[in-house]
There are 2 protein chains.
Amino acid sequence: MSPKITTELLKQLRQAMKSPKYVEEPVQAYIVPSGDAHQSEYIAPCDCRRAFISGFDGSAGTAIVTEQHAAMWTDGRYFLQAAHQMDNNWTLMKMGLKDTPTQEDWLVSVLPEGSKVGVDPFIIPADQWKRMSKALKSAGHDLVPVKENLIDTVWVDCPQRPCKPLITLDLSYTGVSWREKIVALRSKMAERKVLWFVVTALDEVAWLFNLRGSDVEYNPVFFAYAVIGMNTIRLFIDGDRVMDPAVREHLQLDSSLEPEFRIQVVPYGSILAELQAVGAGLSPKEKVWLSDKASYALTEAIPKAYRYLTPYTPICIAKAVKNAAETDGMRRAHIKDAVALCELFNWLEKEVVPKGTVTEIIAADKAEEFRSQQKDFVELSFATISSTGPNGAIIHYKPVPETNRTLSVNEIYLLDSGAQYKDGTTDVTRTMHFGTPSAYEKECFTYVLKGHIAVSAAIFPNGTKGHLLDSFARSALWDCGLDYLHGTGHGVGSFLNVHEGPCGISYKTFADEPLEAGMVLSDEPGYYEDGSFGIRIENVVLVIPAETKYNFKNRGSLTFEPLTLVPIQTKMIDVNLLTQKECHWVNDYHQKCREVIGAELERQGRREALQWLLRETEPLKVQ
Amino acid sequence: MSPKITTELLKQLRQAMKSPKYVEEPVQAYIVPSGDAHQSEYIAPCDCRRAFISGFDGSAGTAIVTEQHAAMWTDGRYFLQAAHQMDNNWTLMKMGLKDTPTQEDWLVSVLPEGSKVGVDPFIIPADQWKRMSKALKSAGHDLVPVKENLIDTVWVDCPQRPCKPLITLDLSYTGVSWREKIVALRSKMAERKVLWFVVTALDEVAWLFNLRGSDVEYNPVFFAYAVIGMNTIRLFIDGDRVMDPAVREHLQLDSSLEPEFRIQVVPYGSILAELQAVGAGLSPKEKVWLSDKASYALTEAIPKAYRYLTPYTPICIAKAVKNAAETDGMRRAHIKDAVALCELFNWLEKEVVPKGTVTEIIAADKAEEFRSQQKDFVELSFATISSTGPNGAIIHYKPVPETNRTLSVNEIYLLDSGAQYKDGTTDVTRTMHFGTPSAYEKECFTYVLKGHIAVSAAIFPNGTKGHLLDSFARSALWDCGLDYLHGTGHGVGSFLNVHEGPCGISYKTFADEPLEAGMVLSDEPGYYEDGSFGIRIENVVLVIPAETKYNFKNRGSLTFEPLTLVPIQTKMIDVNLLTQKECHWVNDYHQKCREVIGAELERQGRREALQWLLRETEPLKVQ
């Protein structure tokens, strides 16, 4: 990996920072955040501005360029990568280390008095703007919005914003029509006495209209905004996508609907002007509902007194609770996914053990190949983490030719992968050994398994927040002085983003929403030994009501049902470390894998994979 | 209980709200919070202003009086009590119910346009002021500080502020001299680049100077503030207490100390003027450190640009970590406390079973009597919760003649009590049955015990916050659909407040500080069945280093050592519900009670109580 040479680019950017063509007054610093205008986790190539200007293309990082300096803030996952990808023009700011200044403190220390700091108001979320602006102001500087994105002015071969065809989802997938979703949204709006709701997150637009796209890799979304009034629906979307007859029919664009369900299609780029017009037309007590993560530009379009901001939108919360059609779809998707993985692991056993010719990349490609054979397969749901030996200890590893290792009978292999099917999204991690694991490897694997089971089998009152379950996943590791440095679970979309709010299982947050039946999360404790191996066991699980002996205050209880049905390698388990209850959990789980996935393998005529499944799901002897 | 008649008082208060004698401009509403000028949890009689004006004397509540209305906000624990104690002039605002307005919303709904809302700036914490002021301002009203407390102007027989003698603690109790504490504090101040530190919490003043008082019932504190500079120490304290030769000697007031350790004694009432003088003399970049819970009055004395506010002060954090002398003292205090409780429970068995003449109040008094026989006993550490049968389900119950029940062989008895000894503070809950408990009562007790053990035996990494352990205490109850609606543990002072920050074990907070070896907390899960019984098992536990098989990232691990050594009634345990590990925990715990408390009972010649202890600590048969 050789660093990107950025001398010329930085020179051009610094010129743009002073050019009256782009800025009213020169800005002495320019901030380049990671995100796009929708605060997406995954972004399109045209939005990779920070990677373009610096060369550093990790998923998290913020660049700040001043007249003299160029600095990059990123976290521990990316210290090495950023150092390799950036040239000497850049200073790496290692977040999380004690001596690393915050962006605000650094700016204050390097800027001349009374400086202006520019940022694209569409890219920076309103809450971040507020914090940054306050800190700069108290030191005598000003954060100013720069309408034209200055990176775009120097990015001559910037890729076009994607504008791929849309996919319509009928009721058999979504369970609820977009009309019903609009009705439900308006009733939430009425409850909170707001007149307008602005949909800014891409997955929220997709969910609301029962549409999907492929503008962003892995995430079946498309670039759009929506503004919902009590009697109007405006969809901000570009290009000729809504010219597709199927889409027109789905959105009933050519039918004579009641006015409150007539969708006005408006160009994507006109959102700001339209929102400003909404803002200008408000009377006292009329409010506009926005996510507090919406961009500064859109938030500012609504005068402060008229804003109603919440951390989670009603769409985010409704989207998280899957209905019967969606959970059925998720189940189907996970069955297909398990078939693909049984094929893969069977193939790996045949290839790795005698031949030793399978690399991490080959294994990842093979996993994709098997998945793509399944019905309604669309694409992967994230970049496959296919890692063996020491690479397994790199939590966000993705094999590239420079790091690509060959799978062997001497190392632990960790595969974290998933797919988008039209009926659901999957995300599963299995950790395998193709030879004979050491006692220590088995011990660590078994602690991780105990943590996985502790969460999966947990029973807890309705209304419990996911973060209260996080310690269950760690308890067995903690008992032996071990731990893992990531959260335990994230929300999973329904043929949508593999990471979605508002629920999760992590010690890091307190602001997650309470768990409800119908929510779908991952359960993925791990253990990582730097330089040696990584272990993670991940299922996607569905929150379901639990039957309990008593029912305190009539609150009702919840538990989880695993949607992922892929064998957990029993060879890696030290049965002596499991309780009877845990042994039974493993055996019951494997019995279900046999029944459900066995039947599907049979149906698909995949005999060899079926034999593999039967071998791998032999019951543990309960002590 | 008949309500207090407040018609005349409210009339007088409303006159004061308009009187130029007290207010520059009339105030249309006056807020009467619960607290004192130090934001204490327990307050002196002269500070019970909200109780005086309304009649309602629960521990939590805020009164607001307008020209037309008088309203009282309190939480579910006190709905009944407040309704009984207040007359028709008052409207009860039931906090936690959906339709109850917040104080801000209610004020906005009842006040005429452009109103002024008054409050004593010494009583309201700065963070509450900020929130309230912002809400009122956005509705066109003003929150204004009223220097003279308006309740005091109508409270003709207001008790005097207590001014009791001080107790000096020598090194054998404190382990560290006040000089060393000042040195450590100044080094924390230097780290944060602050020039002044203002000590506002009463227990922080007491801890810093190794002094104790008895101005507030149950809390061995005295009314004082302190302002620590890099070269000066000012102690704001009233009366002739520092005339006591022992105190003068302890503080070295008459010695020729180095100037930076010379304590200037200043009148309690002059804190505001002195702090304003400090504030006026600051140069840019000179900062003053205050708790963000300090009163609005003191916070405002320092211009905003010079304030350094933190949720936990360095004294609060240092005080929480007990040194060897303090942990030794805590151990001694808990041994004496256990002796008293063995005597009590032995006495109860002899009295309750055959005679049936012991009431909740008699039992509480007897517990105090036995405690007072122990060396260095000072007073109780909180009002004893002595409750039998349905009264046990009232979590903050205190027996009074109207509710006083007689203990019997048919009901569960719950005793939550503690004391202040010169060497430590105790807080212990035991739940007993003097007859034959039902299978259901045993079942519930055993789940609570499992939760208690799960916390007490937990091993967790250094730096873990207490709230991450809360679910361990609930897991066994959750499995059966049960739960309890309070936190699991609070910090405990060392001959100081029985509730102290900055650590705790509760699902309700996220802002607790990480646990460290030397911290002392309670572990007190429970189960409460309204109208029937209450169960709670509470030990005070010390955070200690844990030996673990491995040591991930060299972080080290922690666990707890029970300081409380009082038998847990085995009659209440359903052994079939315990794991082997849990049985061993109970047996090991009881073995330690035998060894440590047995020896002390022997030494004190308390033979009958020793026999009771031996009977009660017979080992469980491990399944």
# chains A, B, ... in the order shown; residues from 1 in each chain; ligands from 1
$ closest_atom_pairs --of "chain A" --to "chain B" --cutoff "6 Å" --atoms "only C-alpha atoms" --output "tab-separated table"
residue	atom	partner	partner_atom	distance
A:Ile459	CA	B:Asp479	CA	5.3
A:Phe460	CA	B:Trp478	CA	5.2
A:Trp478	CA	B:Phe460	CA	5.2
A:Asp479	CA	B:Ile459	CA	5.2
A:Cys480	CA	B:Thr548	CA	5.1
A:Gly481	CA	B:Asn551	CA	4.9
A:Leu482	CA	B:Phe552	CA	5.0
A:Thr548	CA	B:Cys480	CA	5.1
A:Lys549	CA	B:Cys480	CA	5.2
A:Tyr550	CA	B:Gly481	CA	4.9
A:Asn551	CA	B:Gly481	CA	4.9
A:Phe552	CA	B:Leu482	CA	5.0
$ write_last_selection --atoms "C-alpha atoms" --output "tab-separated table (two decimals), in the first residue's frame"
chain	number	residue	atom	x	y	z
A	459	ILE	CA	-35.79	-13.88	29.75
A	460	PHE	CA	-36.43	-10.26	30.66
A	478	TRP	CA	-15.07	-12.10	32.86
A	479	ASP	CA	-14.92	-15.01	35.30
A	480	CYS	CA	-11.60	-15.99	33.70
A	481	GLY	CA	-10.27	-12.48	33.22
A	482	LEU	CA	-11.22	-12.29	29.51
A	548	THR	CA	-43.01	-17.37	32.51
A	549	LYS	CA	-44.27	-18.99	35.71
A	550	TYR	CA	-45.32	-15.61	37.17
A	551	ASN	CA	-46.09	-12.23	35.67
A	552	PHE	CA	-44.97	-9.33	37.89
$ residues_around --residues "segment 140-147 of chain A" --least-positions-apart "5" --cutoff "7 Å" --atoms "only C-alpha atoms" --output "ChimeraX atom specification"
/A:23,113-121,133
$ write_last_selection --atoms "all heavy atoms" --output "short mmCIF file (atom, residue, chain, number, x, y, z; two decimals), in the first residue's frame"
data_model
loop_
_atom_site.label_atom_id
_atom_site.label_comp_id
_atom_site.auth_asym_id
_atom_site.auth_seq_id
_atom_site.Cartn_x
_atom_site.Cartn_y
_atom_site.Cartn_z
N VAL A 23 -16.72 30.90 -1.47
CA VAL A 23 -16.95 31.35 -0.09
C VAL A 23 -17.12 32.86 -0.05
O VAL A 23 -16.41 33.58 -0.76
CB VAL A 23 -15.78 30.93 0.86
CG1 VAL A 23 -15.79 29.44 1.09
CG2 VAL A 23 -14.45 31.38 0.29
N GLU A 113 -6.41 34.19 15.38
CA GLU A 113 -7.59 34.76 16.04
C GLU A 113 -8.72 35.08 15.06
O GLU A 113 -8.47 35.50 13.94
CB GLU A 113 -7.18 36.06 16.74
CG GLU A 113 -7.40 36.04 18.25
CD GLU A 113 -6.76 37.24 18.91
OE1 GLU A 113 -7.41 38.30 18.91
OE2 GLU A 113 -5.60 37.11 19.36
N GLY A 114 -9.95 34.87 15.51
CA GLY A 114 -11.11 35.26 14.72
C GLY A 114 -11.23 34.52 13.39
O GLY A 114 -11.64 35.10 12.38
N SER A 115 -10.88 33.24 13.38
CA SER A 115 -10.92 32.48 12.12
C SER A 115 -12.33 32.01 11.79
O SER A 115 -13.21 31.96 12.64
CB SER A 115 -10.01 31.25 12.23
OG SER A 115 -8.67 31.62 12.18
N LYS A 116 -12.48 31.66 10.51
CA LYS A 116 -13.71 31.03 10.06
C LYS A 116 -13.40 29.58 9.69
O LYS A 116 -12.41 29.31 8.99
CB LYS A 116 -14.29 31.75 8.85
CG LYS A 116 -14.65 33.18 9.16
CD LYS A 116 -15.79 33.69 8.30
CE LYS A 116 -16.16 35.12 8.69
NZ LYS A 116 -16.57 35.24 10.10
N VAL A 117 -14.23 28.67 10.18
CA VAL A 117 -14.07 27.24 9.89
C VAL A 117 -15.26 26.82 9.04
O VAL A 117 -16.41 26.98 9.47
CB VAL A 117 -14.02 26.42 11.20
CG1 VAL A 117 -13.92 24.93 10.89
CG2 VAL A 117 -12.87 26.88 12.08
N GLY A 118 -14.98 26.32 7.83
CA GLY A 118 -16.06 25.96 6.92
C GLY A 118 -16.40 24.49 6.96
O GLY A 118 -15.56 23.65 7.27
N VAL A 119 -17.65 24.18 6.66
CA VAL A 119 -18.08 22.78 6.54
C VAL A 119 -19.30 22.75 5.64
O VAL A 119 -20.06 23.74 5.57
CB VAL A 119 -18.38 22.17 7.93
CG1 VAL A 119 -19.60 22.82 8.57
CG2 VAL A 119 -18.56 20.66 7.84
N ASP A 120 -19.48 21.65 4.92
CA ASP A 120 -20.67 21.47 4.08
C ASP A 120 -21.86 21.24 5.01
O ASP A 120 -21.91 20.24 5.73
CB ASP A 120 -20.46 20.27 3.15
CG ASP A 120 -21.65 20.04 2.24
OD1 ASP A 120 -22.77 20.52 2.55
OD2 ASP A 120 -21.48 19.35 1.21
N PRO A 121 -22.84 22.14 5.03
CA PRO A 121 -23.95 22.02 5.99
C PRO A 121 -24.84 20.82 5.73
O PRO A 121 -25.63 20.45 6.60
CB PRO A 121 -24.72 23.33 5.80
CG PRO A 121 -24.42 23.75 4.41
CD PRO A 121 -23.00 23.31 4.14
N SER A 133 -19.72 24.30 16.90
CA SER A 133 -19.91 25.73 16.78
C SER A 133 -19.74 26.42 18.13
O SER A 133 -19.10 27.47 18.25
CB SER A 133 -21.32 25.99 16.22
OG SER A 133 -21.60 27.35 16.23
#
$ select_by_dssp --residues "segment 247-344 of chain B" --states "alpha helix (DSSP H)" --output "PyMOL selection string"
chain B and resi 247-250+271-280+296-301+314-320+324-344
$ atom_distance --atom1 "atom CA of Phe79 of chain B" --atom2 "atom CA of Thr403 of chain B"
16.4 Å
$ residues_around --residues "His396 of chain B" --least-positions-apart "6" --cutoff "12 Å" --atoms "only C-alpha atoms" --output "PyMOL selection string"
chain B and resi 58-60+76-78+81+382-387+414-417+485-486+528+534+536
$ write_last_selection --atoms "C-alpha atoms" --output "PDB file, in the first residue's frame"
ATOM      1  CA  GLY B  58     -41.858  12.791  52.649  1.00  0.00           C
ATOM      2  CA  SER B  59     -38.225  12.789  51.565  1.00  0.00           C
ATOM      3  CA  ALA B  60     -38.899  13.961  48.002  1.00  0.00           C
ATOM      4  CA  GLY B  76     -45.191   7.069  43.617  1.00  0.00           C
ATOM      5  CA  ARG B  77     -43.718   6.274  47.036  1.00  0.00           C
ATOM      6  CA  TYR B  78     -45.531   9.269  48.511  1.00  0.00           C
ATOM      7  CA  GLN B  81     -48.875  10.131  52.327  1.00  0.00           C
ATOM      8  CA  PHE B 382     -30.953   5.909  58.565  1.00  0.00           C
ATOM      9  CA  ALA B 383     -34.495   5.399  59.867  1.00  0.00           C
ATOM     10  CA  THR B 384     -34.924   1.669  60.525  1.00  0.00           C
ATOM     11  CA  ILE B 385     -37.254  -0.147  58.138  1.00  0.00           C
ATOM     12  CA  SER B 386     -38.882  -2.685  60.431  1.00  0.00           C
ATOM     13  CA  SER B 387     -41.782  -4.226  58.550  1.00  0.00           C
ATOM     14  CA  LEU B 414     -38.006  -7.555  56.850  1.00  0.00           C
ATOM     15  CA  LEU B 415     -35.469  -5.471  58.775  1.00  0.00           C
ATOM     16  CA  ASP B 416     -33.347  -2.902  56.905  1.00  0.00           C
ATOM     17  CA  SER B 417     -31.188  -1.025  59.382  1.00  0.00           C
ATOM     18  CA  LEU B 485     -38.555  -1.724  41.067  1.00  0.00           C
ATOM     19  CA  HIS B 486     -35.469  -0.253  42.698  1.00  0.00           C
ATOM     20  CA  TYR B 528     -42.156  -7.273  46.831  1.00  0.00           C
ATOM     21  CA  GLY B 534     -41.437  -7.979  51.053  1.00  0.00           C
ATOM     22  CA  ARG B 536     -34.705  -8.042  50.517  1.00  0.00           C
TER      23      ARG B 536
END
$ atom_distance --atom1 "atom CA of Lys375 of chain A" --atom2 "atom CA of Ser177 of chain A"
23.3 Å
$ closest_residue --among "B:Gln103, B:Thr425, B:Phe370, B:Val586" --to "Val339 of chain B" --atoms "only C-alpha atoms"
B:Phe370
$ residues_around --residues "Asp574 of chain B" --least-positions-apart "3" --cutoff "12 Å" --atoms "only C-alpha atoms" --output "tab-separated table (two decimals) with all heavy atoms, in the first residue's frame"
chain	number	residue	atom	x	y	z
B	437	PRO	N	-42.33	-20.84	56.51
B	437	PRO	CA	-42.63	-20.11	55.27
B	437	PRO	C	-43.31	-21.02	54.26
B	437	PRO	O	-43.10	-22.24	54.26
B	437	PRO	CB	-41.26	-19.67	54.78
B	437	PRO	CG	-40.28	-20.61	55.41
B	437	PRO	CD	-40.88	-21.02	56.72
B	438	SER	N	-44.13	-20.42	53.39
B	438	SER	CA	-44.77	-21.21	52.33
B	438	SER	C	-43.76	-21.51	51.24
B	438	SER	O	-42.70	-20.87	51.15
B	438	SER	CB	-45.94	-20.42	51.74
B	438	SER	OG	-45.43	-19.35	50.95
B	439	ALA	N	-44.08	-22.50	50.41
B	439	ALA	CA	-43.19	-22.86	49.30
B	439	ALA	C	-42.96	-21.65	48.40
B	439	ALA	O	-41.85	-21.39	47.91
B	439	ALA	CB	-43.79	-24.01	48.49
B	440	TYR	N	-44.02	-20.85	48.18
B	440	TYR	CA	-43.91	-19.68	47.31
B	440	TYR	C	-42.99	-18.63	47.92
B	440	TYR	O	-42.16	-18.03	47.23
B	440	TYR	CB	-45.31	-19.10	47.06
B	440	TYR	CG	-45.31	-17.87	46.20
B	440	TYR	CD1	-44.82	-17.92	44.89
B	440	TYR	CD2	-45.78	-16.65	46.69
B	440	TYR	CE1	-44.80	-16.78	44.10
B	440	TYR	CE2	-45.77	-15.52	45.91
B	440	TYR	CZ	-45.27	-15.58	44.62
B	440	TYR	OH	-45.24	-14.45	43.84
B	441	GLU	N	-43.13	-18.41	49.23
B	441	GLU	CA	-42.25	-17.44	49.90
B	441	GLU	C	-40.80	-17.88	49.80
B	441	GLU	O	-39.90	-17.08	49.53
B	441	GLU	CB	-42.67	-17.27	51.37
B	441	GLU	CG	-43.97	-16.51	51.54
B	441	GLU	CD	-44.56	-16.60	52.95
B	441	GLU	OE1	-44.25	-17.58	53.69
B	441	GLU	OE2	-45.34	-15.71	53.32
B	442	LYS	N	-40.56	-19.18	49.98
B	442	LYS	CA	-39.19	-19.70	49.88
B	442	LYS	C	-38.66	-19.54	48.45
B	442	LYS	O	-37.50	-19.19	48.23
B	442	LYS	CB	-39.13	-21.18	50.30
B	442	LYS	CG	-39.31	-21.37	51.80
B	442	LYS	CD	-39.46	-22.85	52.19
B	442	LYS	CE	-38.18	-23.63	51.95
B	442	LYS	NZ	-38.31	-25.03	52.48
B	443	GLU	N	-39.54	-19.83	47.50
B	443	GLU	CA	-39.13	-19.72	46.10
B	443	GLU	C	-38.67	-18.28	45.79
B	443	GLU	O	-37.59	-18.05	45.25
B	443	GLU	CB	-40.31	-20.11	45.19
B	443	GLU	CG	-39.96	-20.11	43.71
B	443	GLU	CD	-41.18	-20.38	42.83
B	443	GLU	OE1	-42.29	-20.62	43.36
B	443	GLU	OE2	-41.01	-20.34	41.59
B	444	CYS	N	-39.51	-17.31	46.18
B	444	CYS	CA	-39.17	-15.91	45.90
B	444	CYS	C	-37.88	-15.53	46.63
B	444	CYS	O	-37.00	-14.86	46.07
B	444	CYS	CB	-40.31	-14.99	46.33
B	444	CYS	SG	-41.81	-15.23	45.37
B	445	PHE	N	-37.76	-15.92	47.89
B	445	PHE	CA	-36.56	-15.62	48.66
B	445	PHE	C	-35.33	-16.18	47.96
B	445	PHE	O	-34.28	-15.53	47.88
B	445	PHE	CB	-36.70	-16.23	50.07
B	445	PHE	CG	-35.55	-15.92	51.00
B	445	PHE	CD1	-35.60	-14.82	51.85
B	445	PHE	CD2	-34.41	-16.72	51.03
B	445	PHE	CE1	-34.55	-14.53	52.72
B	445	PHE	CE2	-33.35	-16.44	51.89
B	445	PHE	CZ	-33.41	-15.34	52.73
B	446	THR	N	-35.46	-17.38	47.46
B	446	THR	CA	-34.30	-18.03	46.84
B	446	THR	C	-33.89	-17.31	45.56
B	446	THR	O	-32.69	-17.17	45.27
B	446	THR	CB	-34.60	-19.53	46.59
B	446	THR	OG1	-35.09	-20.10	47.81
B	446	THR	CG2	-33.35	-20.27	46.15
B	447	TYR	N	-34.85	-16.83	44.78
B	447	TYR	CA	-34.49	-16.06	43.58
B	447	TYR	C	-33.74	-14.79	43.98
B	447	TYR	O	-32.76	-14.40	43.33
B	447	TYR	CB	-35.73	-15.66	42.78
B	447	TYR	CG	-36.50	-16.82	42.19
B	447	TYR	CD1	-37.89	-16.77	42.08
B	447	TYR	CD2	-35.84	-17.96	41.74
B	447	TYR	CE1	-38.61	-17.83	41.54
B	447	TYR	CE2	-36.55	-19.02	41.20
B	447	TYR	CZ	-37.93	-18.95	41.11
B	447	TYR	OH	-38.63	-20.00	40.57
B	448	VAL	N	-34.23	-14.13	45.04
B	448	VAL	CA	-33.56	-12.91	45.50
B	448	VAL	C	-32.13	-13.25	45.95
B	448	VAL	O	-31.17	-12.55	45.63
B	448	VAL	CB	-34.36	-12.23	46.63
B	448	VAL	CG1	-33.58	-11.05	47.23
B	448	VAL	CG2	-35.72	-11.76	46.12
B	449	LEU	N	-32.01	-14.36	46.66
B	449	LEU	CA	-30.68	-14.79	47.12
B	449	LEU	C	-29.76	-15.07	45.93
B	449	LEU	O	-28.58	-14.70	45.94
B	449	LEU	CB	-30.83	-16.04	48.00
B	449	LEU	CG	-29.52	-16.68	48.47
B	449	LEU	CD1	-28.71	-15.70	49.33
B	449	LEU	CD2	-29.79	-17.97	49.26
B	450	LYS	N	-30.30	-15.73	44.90
B	450	LYS	CA	-29.49	-16.00	43.70
B	450	LYS	C	-28.98	-14.70	43.09
B	450	LYS	O	-27.83	-14.60	42.65
B	450	LYS	CB	-30.30	-16.80	42.67
B	450	LYS	CG	-30.53	-18.26	43.05
B	450	LYS	CD	-31.58	-18.93	42.17
B	450	LYS	CE	-31.03	-19.44	40.86
B	450	LYS	NZ	-30.30	-20.71	40.98
B	569	GLN	N	-31.17	-16.36	56.50
B	569	GLN	CA	-31.98	-17.45	57.07
B	569	GLN	C	-32.13	-18.64	56.11
B	569	GLN	O	-32.80	-18.54	55.08
B	569	GLN	CB	-33.36	-16.92	57.46
B	569	GLN	CG	-34.06	-17.85	58.45
B	569	GLN	CD	-35.41	-17.33	58.88
B	569	GLN	OE1	-36.16	-16.74	58.10
B	569	GLN	NE2	-35.76	-17.58	60.13
B	570	THR	N	-31.51	-19.78	56.48
B	570	THR	CA	-31.53	-20.94	55.58
B	570	THR	C	-32.93	-21.55	55.49
B	570	THR	O	-33.27	-22.19	54.50
B	570	THR	CB	-30.53	-22.02	56.04
B	570	THR	OG1	-30.73	-22.26	57.43
B	570	THR	CG2	-29.11	-21.56	55.82
B	571	LYS	N	-33.73	-21.33	56.51
B	571	LYS	CA	-35.11	-21.83	56.50
B	571	LYS	C	-35.88	-21.28	55.29
B	571	LYS	O	-36.81	-21.91	54.79
B	571	LYS	CB	-35.80	-21.36	57.79
B	571	LYS	CG	-37.18	-21.90	58.01
B	571	LYS	CD	-38.00	-20.98	58.92
B	571	LYS	CE	-37.64	-21.16	60.39
B	571	LYS	NZ	-38.52	-20.31	61.25
B	577	LEU	N	-33.37	-24.97	44.24
B	577	LEU	CA	-33.28	-23.92	43.22
B	577	LEU	C	-31.86	-23.35	43.12
B	577	LEU	O	-31.59	-22.52	42.26
B	577	LEU	CB	-34.27	-22.80	43.54
B	577	LEU	CG	-35.75	-23.19	43.50
B	577	LEU	CD1	-36.61	-22.01	43.91
B	577	LEU	CD2	-36.13	-23.67	42.10
B	578	LEU	N	-30.98	-23.75	44.02
B	578	LEU	CA	-29.61	-23.23	43.99
B	578	LEU	C	-28.70	-24.14	43.16
B	578	LEU	O	-28.88	-25.36	43.16
B	578	LEU	CB	-29.04	-23.11	45.40
B	578	LEU	CG	-29.67	-22.10	46.37
B	578	LEU	CD1	-28.86	-22.05	47.67
B	578	LEU	CD2	-29.75	-20.71	45.76
B	579	THR	N	-27.74	-23.54	42.48
B	579	THR	CA	-26.70	-24.35	41.85
B	579	THR	C	-25.70	-24.76	42.94
B	579	THR	O	-25.68	-24.20	44.04
B	579	THR	CB	-25.93	-23.54	40.79
B	579	THR	OG1	-25.25	-22.46	41.45
B	579	THR	CG2	-26.87	-22.95	39.74
B	582	GLU	N	-23.74	-21.85	44.06
B	582	GLU	CA	-24.48	-20.97	44.96
B	582	GLU	C	-24.55	-21.56	46.38
B	582	GLU	O	-24.41	-20.84	47.37
B	582	GLU	CB	-25.89	-20.70	44.41
B	582	GLU	CG	-25.86	-19.78	43.18
B	582	GLU	CD	-27.14	-19.82	42.34
B	582	GLU	OE1	-27.95	-20.76	42.50
B	582	GLU	OE2	-27.33	-18.91	41.51
B	583	CYS	N	-24.78	-22.89	46.45
B	583	CYS	CA	-24.77	-23.55	47.77
B	583	CYS	C	-23.44	-23.33	48.47
B	583	CYS	O	-23.39	-23.00	49.66
B	583	CYS	CB	-24.99	-25.05	47.61
B	583	CYS	SG	-26.70	-25.52	47.44
B	620	LEU	N	-25.74	-25.78	54.30
B	620	LEU	CA	-26.73	-26.40	53.41
B	620	LEU	C	-26.15	-27.70	52.89
B	620	LEU	O	-24.93	-27.80	52.68
B	620	LEU	CB	-27.01	-25.50	52.20
B	620	LEU	CG	-27.56	-24.10	52.44
B	620	LEU	CD1	-27.65	-23.37	51.09
B	620	LEU	CD2	-28.94	-24.19	53.07
B	621	LYS	N	-27.02	-28.67	52.65
B	621	LYS	CA	-26.53	-29.91	52.00
B	621	LYS	C	-26.41	-29.62	50.51
B	621	LYS	O	-27.39	-29.34	49.84
B	621	LYS	CB	-27.52	-31.05	52.24
B	621	LYS	CG	-27.39	-31.62	53.63
B	621	LYS	CD	-27.87	-33.08	53.66
B	621	LYS	CE	-27.98	-33.53	55.11
B	621	LYS	NZ	-29.27	-33.13	55.73
B	622	VAL	N	-25.17	-29.71	50.00
B	622	VAL	CA	-24.96	-29.43	48.58
B	622	VAL	C	-25.47	-30.61	47.75
B	622	VAL	O	-25.15	-31.75	48.04
B	622	VAL	CB	-23.46	-29.17	48.31
B	622	VAL	CG1	-23.24	-28.89	46.83
B	622	VAL	CG2	-22.97	-28.00	49.15
B	623	GLN	N	-26.31	-30.29	46.77
B	623	GLN	CA	-26.96	-31.33	45.93
B	623	GLN	C	-25.93	-32.01	45.03
B	623	GLN	O	-25.16	-31.36	44.38
B	623	GLN	CB	-28.03	-30.69	45.05
B	623	GLN	CG	-28.96	-29.76	45.80
B	623	GLN	CD	-30.04	-30.49	46.55
B	623	GLN	OE1	-30.76	-31.27	45.94
B	623	GLN	NE2	-30.14	-30.28	47.85
$ closest_residue --among "A:Thr431, A:Glu300, A:Leu275, A:Glu516" --to "Lys130 of chain A" --atoms "only C-alpha atoms"
A:Glu300
